[in-house]
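*Asks:* Below you'll find the structure I mean.
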Amino acid sequence: MRYLALDFPDRVIAVHRMDGDLPAGDPATLTQEECDWIRESQNWQAREGAYSTMHVTKPQTAAVGLMDSPAGLAAWVVEKLQSWSDCKEGDVESVYTRDEILELLTEYWVTGTIGSSIRSYRAMVGIPADQLPRRVEVPSGFTMFPRHFKNAQRPWLERMTNLVYFSEPTRGGHFVPFEDPELYVQELRKFLGTEF
């Protein structure tokens, strides 16, 4: 959404996101809060980010392996649901029913789309570095769910976007539209009710 707003601002009315890009550009221009956020993100990447490195460097290896094994696909997807959702004590079934998990796995398996979801990471790192620090002028809203792993700092969003809405709910993770659709819709409605 960010790049649609940057490249086609006359065609985009507004942008709502659940994450924010890490600060880019000269580190000397960043606040201490932004530097702390970068450090926290780097720590998260060291603990949880191996998948991302593999997706960027060897996307086909993971794609072929996951499409060759239903058990492998299930292990991969369920681990992400467990790690990145707002699960009680790691219990993935405290958020999703077994049927919901099986429906998601079936969708990936039948359509063969785990590969395209993985390859998108490689495409994202191909964005030229000089494009990263551009400011989004289209009215922008952000909802930072507590169990999401890329929660941007409000001062950074104010600097990098035309921020018109910012919210920090008390629950929710990376997959909120799937995890808690009602909460996600509430956030969208609040954002869309904002004066642009």
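Please note that chains go A, B, ... in the order of the structure tokens, that every chain numbers its residues from 1, and that ligands are numbered from 1 in the order shown.
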Write out as a compact mmCIF listing (two decimals) with C-alpha atoms, in the first residue's frame which residues come within 10 Å of Ala5 of chain A when counting only C-alpha atoms, dropping same-chain ones fewer than 6 positions away.
*Replies:*
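Below is the file that was written, around29.txt:
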# COMPACT_ATOMS: atom_id res chain seq x y z
CA ARG A 11 -5.44 7.37 -7.38
CA VAL A 12 -5.18 6.52 -3.68
CA ILE A 13 -7.62 8.20 -1.29
CA ALA A 14 -6.04 6.94 1.92
CA VAL A 15 -3.81 4.18 3.31
CA ARG A 135 7.30 10.55 2.60
CA VAL A 136 3.72 9.38 1.95
CA GLU A 137 1.52 12.45 1.44
CA VAL A 138 -1.72 10.49 1.08
CA PRO A 139 -3.71 10.50 4.37
CA SER A 140 -2.37 7.55 6.37
*Asks:* Write out as number ranges by chain which residues come within 9 Å of Met67 of chain A when counting only C-alpha atoms, dropping same-chain ones fewer than 3 positions away.
*Replies:* A: 62-64, 70, 72-73, 108-109, 112-115
*Asks:* Using only C-alpha atoms, can you tell me which of A:Val110, A:Pro169, A:Arg147, A:Leu188 comes closest to Gln82 of chain A?
*Replies:* A:Arg147
*Asks:* If we count only C-alpha atoms, what is near Leu192 of chain A at a cut-off of 10 Å, once residues fewer than 2 positions away on the same chain are taken out, given as a PDB file with N, CA and C atoms, in the first residue's frame?
*Replies:*
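Listed below is the output, around.pdb:
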ATOM      1  N   ALA A  14      -6.627   7.052   0.585  1.00  0.00           N
ATOM      2  CA  ALA A  14      -6.036   6.942   1.917  1.00  0.00           C
ATOM      3  C   ALA A  14      -5.391   5.569   2.059  1.00  0.00           C
ATOM      4  N   VAL A  15      -4.522   5.429   3.067  1.00  0.00           N
ATOM      5  CA  VAL A  15      -3.808   4.177   3.311  1.00  0.00           C
ATOM      6  C   VAL A  15      -3.940   3.815   4.785  1.00  0.00           C
ATOM      7  N   HIS A  16      -4.345   2.579   5.051  1.00  0.00           N
ATOM      8  CA  HIS A  16      -4.350   2.067   6.428  1.00  0.00           C
ATOM      9  C   HIS A  16      -3.382   0.889   6.485  1.00  0.00           C
ATOM     10  N   GLY A 141      -3.278   6.019   7.977  1.00  0.00           N
ATOM     11  CA  GLY A 141      -3.673   5.557   9.305  1.00  0.00           C
ATOM     12  C   GLY A 141      -2.925   4.296   9.654  1.00  0.00           C
ATOM     13  N   TYR A 165      -4.419   9.076  11.552  1.00  0.00           N
ATOM     14  CA  TYR A 165      -5.007   8.132  12.501  1.00  0.00           C
ATOM     15  C   TYR A 165      -3.912   7.230  13.045  1.00  0.00           C
ATOM     16  N   GLN A 186     -13.384  -2.870  13.099  1.00  0.00           N
ATOM     17  CA  GLN A 186     -13.571  -1.703  13.976  1.00  0.00           C
ATOM     18  C   GLN A 186     -12.481  -0.661  13.720  1.00  0.00           C
ATOM     19  N   GLU A 187     -11.243  -1.121  13.607  1.00  0.00           N
ATOM     20  CA  GLU A 187     -10.132  -0.200  13.358  1.00  0.00           C
ATOM     21  C   GLU A 187     -10.269   0.486  11.997  1.00  0.00           C
ATOM     22  N   LEU A 188     -10.633  -0.283  10.984  1.00  0.00           N
ATOM     23  CA  LEU A 188     -10.824   0.315   9.653  1.00  0.00           C
ATOM     24  C   LEU A 188     -11.934   1.356   9.683  1.00  0.00           C
ATOM     25  N   ARG A 189     -13.031   1.041  10.373  1.00  0.00           N
ATOM     26  CA  ARG A 189     -14.146   1.989  10.447  1.00  0.00           C
ATOM     27  C   ARG A 189     -13.722   3.280  11.157  1.00  0.00           C
ATOM     28  N   LYS A 190     -12.977   3.151  12.233  1.00  0.00           N
ATOM     29  CA  LYS A 190     -12.502   4.357  12.939  1.00  0.00           C
ATOM     30  C   LYS A 190     -11.607   5.181  12.018  1.00  0.00           C
ATOM     31  N   THR A 194     -12.292   9.166  10.007  1.00  0.00           N
ATOM     32  CA  THR A 194     -11.421  10.325  10.218  1.00  0.00           C
ATOM     33  C   THR A 194     -11.582  11.314   9.073  1.00  0.00           C
ATOM     34  N   GLU A 195     -11.508  12.583   9.391  1.00  0.00           N
ATOM     35  CA  GLU A 195     -11.571  13.613   8.324  1.00  0.00           C
ATOM     36  C   GLU A 195     -10.234  13.607   7.560  1.00  0.00           C
ATOM     37  N   PHE A 196     -10.305  13.447   6.250  1.00  0.00           N
ATOM     38  CA  PHE A 196      -9.077  13.497   5.425  1.00  0.00           C
ATOM     39  C   PHE A 196      -8.907  14.887   4.865  1.00  0.00           C
TER      40      PHE A 196
END
*Asks:* Going by DSSP on the backbone, which residues of segment 7-194 of chain A come out as helix (DSSP H, G or I)? List them as a ChimeraX atom specification.
*Replies:* /A:7,27-29,32-48,50-57,59-68,70-84,92-94,98-111,114-125,129-131,154-160,176-179,181-192
*Asks:* For the structure I just gave you, how does DSSP split segment 3-156 of chain A - specifically, which residues are strand (DSSP E)? Reply as a VMD selection string.
*Replies:* chain A and resid 15 to 17 136 to 143
*Asks:* Between A:Tyr121, A:Trp156, A:Phe149, A:Phe175, single out the one closest to Val56 of chain A, counting only C-alpha atoms.
*Replies:*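 Closest residue, counting only C-alpha atoms: A:Tyr121.
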*Asks:* Report, in Å to a single decimal, how far apart atom CA of Leu183 of chain A and atom CA of Leu105 of chain A are.
*Replies:*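 Interatomic distance, atom CA of Leu105 of chain A to atom CA of Leu183 of chain A: 23.1 Å.
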*Asks:* Have a look at A:Asn162, A:Arg171, A:Arg17, A:Val77 and name the one nearest to Ser117 of chain A; count only C-alpha atoms.
*Replies:* A:Val77
*Asks:* Near Trp37 of chain A, within 10 Å and counting only C-alpha atoms, which residues show up once chain neighbours fewer than 4 positions away are dropped, as a PyMOL selection string?
*Replies:* chain A and resi 22-23+31-33+41-43+150-153
*Asks:* Store the residues of this selection in a file with all heavy atoms, as a compact mmCIF listing (two decimals), in the first residue's frame.
*Replies:*
# COMPACT_ATOMS: atom_id res chain seq x y z
N LEU A 22 11.01 0.38 8.80
CA LEU A 22 12.07 0.85 9.68
C LEU A 22 12.69 2.12 9.12
O LEU A 22 12.75 2.30 7.90
CB LEU A 22 13.16 -0.22 9.83
CG LEU A 22 12.80 -1.39 10.73
CD1 LEU A 22 13.88 -2.46 10.66
CD2 LEU A 22 12.62 -0.93 12.16
N PRO A 23 13.15 3.00 10.00
CA PRO A 23 13.79 4.23 9.53
C PRO A 23 14.93 3.95 8.56
O PRO A 23 15.73 3.04 8.77
CB PRO A 23 14.30 4.87 10.82
CG PRO A 23 13.39 4.35 11.88
CD PRO A 23 13.07 2.95 11.45
N THR A 31 15.96 9.87 16.10
CA THR A 31 15.83 10.13 17.53
C THR A 31 16.29 8.89 18.30
O THR A 31 16.43 7.80 17.74
CB THR A 31 14.36 10.42 17.91
OG1 THR A 31 13.59 9.23 17.69
CG2 THR A 31 13.80 11.58 17.10
N GLN A 32 16.48 9.05 19.61
CA GLN A 32 16.85 7.91 20.44
C GLN A 32 15.75 6.84 20.41
O GLN A 32 16.03 5.64 20.36
CB GLN A 32 17.11 8.36 21.89
CG GLN A 32 17.60 7.23 22.79
CD GLN A 32 18.90 6.62 22.29
OE1 GLN A 32 19.85 7.33 21.98
NE2 GLN A 32 18.94 5.30 22.18
N GLU A 33 14.50 7.27 20.42
CA GLU A 33 13.38 6.34 20.35
C GLU A 33 13.42 5.52 19.06
O GLU A 33 13.18 4.32 19.06
CB GLU A 33 12.06 7.12 20.45
CG GLU A 33 10.83 6.26 20.53
CD GLU A 33 9.56 7.10 20.65
OE1 GLU A 33 9.48 8.20 20.05
OE2 GLU A 33 8.63 6.64 21.35
N SER A 41 14.05 -4.20 16.68
CA SER A 41 13.73 -4.91 15.44
C SER A 41 14.88 -5.85 15.04
O SER A 41 14.63 -6.97 14.56
CB SER A 41 13.46 -3.93 14.30
OG SER A 41 12.31 -3.16 14.60
N GLN A 42 16.10 -5.40 15.23
CA GLN A 42 17.25 -6.26 14.94
C GLN A 42 17.29 -7.46 15.88
O GLN A 42 17.60 -8.58 15.45
CB GLN A 42 18.55 -5.46 15.02
CG GLN A 42 18.70 -4.46 13.91
CD GLN A 42 19.82 -3.46 14.13
OE1 GLN A 42 20.24 -3.21 15.26
NE2 GLN A 42 20.30 -2.88 13.05
N ASN A 43 16.95 -7.25 17.15
CA ASN A 43 16.89 -8.37 18.10
C ASN A 43 15.80 -9.36 17.69
O ASN A 43 16.00 -10.58 17.75
CB ASN A 43 16.63 -7.87 19.52
CG ASN A 43 17.83 -7.14 20.10
OD1 ASN A 43 18.95 -7.33 19.66
ND2 ASN A 43 17.58 -6.29 21.09
N LYS A 150 6.31 -5.57 13.86
CA LYS A 150 6.88 -4.39 13.20
C LYS A 150 6.12 -3.14 13.61
O LYS A 150 5.73 -2.34 12.78
CB LYS A 150 6.83 -4.56 11.68
CG LYS A 150 7.91 -5.43 11.11
CD LYS A 150 7.81 -5.51 9.61
CE LYS A 150 8.37 -4.29 8.94
NZ LYS A 150 8.36 -4.38 7.47
N ASN A 151 5.93 -2.95 14.88
CA ASN A 151 5.18 -1.79 15.34
C ASN A 151 6.04 -0.53 15.25
O ASN A 151 7.05 -0.40 15.92
CB ASN A 151 4.69 -1.99 16.77
CG ASN A 151 3.49 -2.89 16.81
OD1 ASN A 151 2.86 -3.15 15.79
ND2 ASN A 151 3.14 -3.38 17.98
N ALA A 152 5.58 0.37 14.41
CA ALA A 152 6.31 1.61 14.18
C ALA A 152 6.05 2.60 15.32
O ALA A 152 5.01 2.56 15.97
CB ALA A 152 5.88 2.22 12.86
N GLN A 153 6.98 3.48 15.51
CA GLN A 153 6.87 4.53 16.51
C GLN A 153 6.07 5.70 15.91
O GLN A 153 6.30 6.09 14.76
CB GLN A 153 8.25 5.02 16.93
CG GLN A 153 9.14 3.91 17.47
CD GLN A 153 8.62 3.37 18.78
OE1 GLN A 153 8.26 4.13 19.66
NE2 GLN A 153 8.56 2.06 18.89
*Asks:* I'd like the contact shell of Leu132 of chain A - 12 Å cut-off, only C-alpha atoms, skipping same-chain residues fewer than 4 positions apart - returned as a PyMOL selection string.
*Replies:* chain A and resi 2-3+6+20-26+124-128+136+160
*Asks:* Write a file of the just-selected residues containing N, CA, C and O atoms, as a PDB file, in the first residue's frame.
*Replies:*
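Result file follows (out-v2.pdb):
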ATOM      1  N   ARG A   2       1.968   1.225   0.730  1.00  0.00           N
ATOM      2  CA  ARG A   2       2.814   2.414   0.815  1.00  0.00           C
ATOM      3  C   ARG A   2       3.275   2.863  -0.577  1.00  0.00           C
ATOM      4  O   ARG A   2       3.221   4.043  -0.903  1.00  0.00           O
ATOM      5  N   TYR A   3       3.708   1.900  -1.384  1.00  0.00           N
ATOM      6  CA  TYR A   3       4.254   2.279  -2.688  1.00  0.00           C
ATOM      7  C   TYR A   3       3.160   2.671  -3.676  1.00  0.00           C
ATOM      8  O   TYR A   3       3.400   3.491  -4.566  1.00  0.00           O
ATOM      9  N   LEU A   6       2.735   6.234  -2.741  1.00  0.00           N
ATOM     10  CA  LEU A   6       3.867   7.045  -3.180  1.00  0.00           C
ATOM     11  C   LEU A   6       3.864   7.256  -4.693  1.00  0.00           C
ATOM     12  O   LEU A   6       4.111   8.364  -5.172  1.00  0.00           O
ATOM     13  N   GLY A  20       4.962  -0.597  10.058  1.00  0.00           N
ATOM     14  CA  GLY A  20       5.653   0.572   9.547  1.00  0.00           C
ATOM     15  C   GLY A  20       7.048   0.173   9.126  1.00  0.00           C
ATOM     16  O   GLY A  20       7.637  -0.755   9.674  1.00  0.00           O
ATOM     17  N   ASP A  21       7.560   0.866   8.132  1.00  0.00           N
ATOM     18  CA  ASP A  21       8.904   0.576   7.668  1.00  0.00           C
ATOM     19  C   ASP A  21       9.921   1.109   8.660  1.00  0.00           C
ATOM     20  O   ASP A  21       9.728   2.172   9.254  1.00  0.00           O
ATOM     21  N   LEU A  22      11.009   0.377   8.803  1.00  0.00           N
ATOM     22  CA  LEU A  22      12.074   0.852   9.680  1.00  0.00           C
ATOM     23  C   LEU A  22      12.688   2.121   9.122  1.00  0.00           C
ATOM     24  O   LEU A  22      12.752   2.299   7.904  1.00  0.00           O
ATOM     25  N   PRO A  23      13.153   3.001   9.999  1.00  0.00           N
ATOM     26  CA  PRO A  23      13.786   4.231   9.526  1.00  0.00           C
ATOM     27  C   PRO A  23      14.929   3.955   8.563  1.00  0.00           C
ATOM     28  O   PRO A  23      15.726   3.045   8.771  1.00  0.00           O
ATOM     29  N   ALA A  24      14.957   4.729   7.501  1.00  0.00           N
ATOM     30  CA  ALA A  24      16.026   4.627   6.515  1.00  0.00           C
ATOM     31  C   ALA A  24      16.722   5.974   6.426  1.00  0.00           C
ATOM     32  O   ALA A  24      16.203   6.990   6.876  1.00  0.00           O
ATOM     33  N   GLY A  25      17.890   5.977   5.845  1.00  0.00           N
ATOM     34  CA  GLY A  25      18.633   7.216   5.680  1.00  0.00           C
ATOM     35  C   GLY A  25      19.736   7.346   6.718  1.00  0.00           C
ATOM     36  O   GLY A  25      20.183   6.372   7.317  1.00  0.00           O
ATOM     37  N   ASP A  26      20.167   8.558   6.951  1.00  0.00           N
ATOM     38  CA  ASP A  26      21.288   8.853   7.840  1.00  0.00           C
ATOM     39  C   ASP A  26      20.903   8.589   9.296  1.00  0.00           C
ATOM     40  O   ASP A  26      20.004   9.248   9.831  1.00  0.00           O
ATOM     41  N   MET A 124      10.397  -7.388  -2.473  1.00  0.00           N
ATOM     42  CA  MET A 124      10.460  -6.210  -1.602  1.00  0.00           C
ATOM     43  C   MET A 124      11.894  -5.708  -1.406  1.00  0.00           C
ATOM     44  O   MET A 124      12.116  -4.511  -1.326  1.00  0.00           O
ATOM     45  N   VAL A 125      12.858  -6.623  -1.321  1.00  0.00           N
ATOM     46  CA  VAL A 125      14.237  -6.158  -1.106  1.00  0.00           C
ATOM     47  C   VAL A 125      14.842  -5.580  -2.374  1.00  0.00           C
ATOM     48  O   VAL A 125      15.914  -4.981  -2.325  1.00  0.00           O
ATOM     49  N   GLY A 126      14.150  -5.744  -3.495  1.00  0.00           N
ATOM     50  CA  GLY A 126      14.631  -5.164  -4.741  1.00  0.00           C
ATOM     51  C   GLY A 126      14.297  -3.685  -4.890  1.00  0.00           C
ATOM     52  O   GLY A 126      14.705  -3.051  -5.859  1.00  0.00           O
ATOM     53  N   ILE A 127      13.586  -3.122  -3.927  1.00  0.00           N
ATOM     54  CA  ILE A 127      13.245  -1.703  -3.994  1.00  0.00           C
ATOM     55  C   ILE A 127      14.521  -0.887  -3.777  1.00  0.00           C
ATOM     56  O   ILE A 127      15.224  -1.084  -2.786  1.00  0.00           O
ATOM     57  N   PRO A 128      14.854   0.019  -4.688  1.00  0.00           N
ATOM     58  CA  PRO A 128      16.084   0.805  -4.543  1.00  0.00           C
ATOM     59  C   PRO A 128      16.115   1.591  -3.230  1.00  0.00           C
ATOM     60  O   PRO A 128      15.093   2.118  -2.777  1.00  0.00           O
ATOM     61  N   VAL A 136       5.059   9.639   2.518  1.00  0.00           N
ATOM     62  CA  VAL A 136       3.724   9.384   1.954  1.00  0.00           C
ATOM     63  C   VAL A 136       2.843  10.592   2.275  1.00  0.00           C
ATOM     64  O   VAL A 136       2.588  10.889   3.443  1.00  0.00           O
ATOM     65  N   MET A 160       7.193  10.429   8.389  1.00  0.00           N
ATOM     66  CA  MET A 160       7.242   9.751   7.094  1.00  0.00           C
ATOM     67  C   MET A 160       5.900   9.662   6.364  1.00  0.00           C
ATOM     68  O   MET A 160       5.851   9.221   5.224  1.00  0.00           O
TER      69      MET A 160
END
*Asks:* Which residue is closest to Leu102 of chain A? Choose from A:Val78, A:Val164, A:Cys35, A:Asp7 and count only C-alpha atoms.
*Replies:*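 For Leu102 of chain A, the nearest of the given residues is A:Val78.
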*Asks:* Pick out the residues sitting within 10 Å of Met54 of chain A, and hand them over as a list in words; count only C-alpha atoms, and ignore anything fewer than 5 positions along from it in its own chain.
*Replies:* Gly49, Pro59, Gln60, Thr61, Ala62, Ile118, Tyr121 and Arg122 of chain A
*Asks:* Could the residues in this selection be saved with N, CA and C atoms as a PDB file, in the first residue's frame?
*Replies:*
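File result.pdb, as written:
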ATOM      1  N   GLY A  49      13.772 -14.099  12.594  1.00  0.00           N
ATOM      2  CA  GLY A  49      13.810 -13.680  11.195  1.00  0.00           C
ATOM      3  C   GLY A  49      14.504 -14.583  10.201  1.00  0.00           C
ATOM      4  N   PRO A  59      14.039 -18.303  -2.241  1.00  0.00           N
ATOM      5  CA  PRO A  59      12.595 -18.507  -2.119  1.00  0.00           C
ATOM      6  C   PRO A  59      12.104 -19.820  -2.727  1.00  0.00           C
ATOM      7  N   GLN A  60      12.686 -20.250  -3.830  1.00  0.00           N
ATOM      8  CA  GLN A  60      12.204 -21.471  -4.472  1.00  0.00           C
ATOM      9  C   GLN A  60      12.474 -22.715  -3.643  1.00  0.00           C
ATOM     10  N   THR A  61      13.571 -22.724  -2.890  1.00  0.00           N
ATOM     11  CA  THR A  61      13.887 -23.891  -2.068  1.00  0.00           C
ATOM     12  C   THR A  61      12.779 -24.138  -1.060  1.00  0.00           C
ATOM     13  N   ALA A  62      12.405 -23.103  -0.340  1.00  0.00           N
ATOM     14  CA  ALA A  62      11.327 -23.249   0.641  1.00  0.00           C
ATOM     15  C   ALA A  62       9.997 -23.551  -0.055  1.00  0.00           C
ATOM     16  N   ILE A 118       5.957 -16.504  -0.593  1.00  0.00           N
ATOM     17  CA  ILE A 118       7.370 -16.464  -0.218  1.00  0.00           C
ATOM     18  C   ILE A 118       8.153 -15.543  -1.157  1.00  0.00           C
ATOM     19  N   TYR A 121       8.811 -11.610  -0.745  1.00  0.00           N
ATOM     20  CA  TYR A 121       9.898 -11.063   0.082  1.00  0.00           C
ATOM     21  C   TYR A 121      11.079 -10.648  -0.785  1.00  0.00           C
ATOM     22  N   ARG A 122      11.405 -11.469  -1.771  1.00  0.00           N
ATOM     23  CA  ARG A 122      12.521 -11.149  -2.661  1.00  0.00           C
ATOM     24  C   ARG A 122      12.226  -9.881  -3.457  1.00  0.00           C
TER      25      ARG A 122
END
*Asks:* Give me, as a PyMOL selection string, all polymer residues having an atom no more than 10 Å from Asp180 of chain A, counting only C-alpha atoms and skipping those fewer than 6 positions away in the same chain.
*Replies:* chain A and resi 85-86+95-96+171-173
*Asks:* How about saving the chosen residues, C-alpha atoms kept, as an mmCIF file, in the first residue's frame?
*Replies:*
data_model
loop_
_atom_site.group_PDB
_atom_site.id
_atom_site.type_symbol
_atom_site.label_atom_id
_atom_site.label_comp_id
_atom_site.auth_asym_id
_atom_site.auth_seq_id
_atom_site.Cartn_x
_atom_site.Cartn_y
_atom_site.Cartn_z
ATOM 1 C CA SER A 85 -0.757 -14.168 16.838
ATOM 2 C CA ASP A 86 -1.992 -13.002 20.207
ATOM 3 C CA VAL A 95 -7.228 -17.816 18.766
ATOM 4 C CA TYR A 96 -8.095 -20.070 15.823
ATOM 5 C CA ARG A 171 -4.883 -7.161 21.761
ATOM 6 C CA GLY A 172 -4.059 -8.579 18.344
ATOM 7 C CA GLY A 173 -1.111 -9.835 16.355
#
*Asks:* Just checking: using only C-alpha atoms, which residue out of A:Arg154, A:Arg119, A:Phe191, A:Leu66 ends up closest to Ser52 of chain A?
*Replies:*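 Result for the nearest residue to Ser52 of chain A: A:Arg119.
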*Asks:* Can you work out the spacing between atom CA of Asp19 of chain A and atom CA of Ser116 of chain A in Å, to one decimal?
*Replies:*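 For atom CA of Asp19 of chain A relative to atom CA of Ser116 of chain A, the distance reads 20.9 Å.
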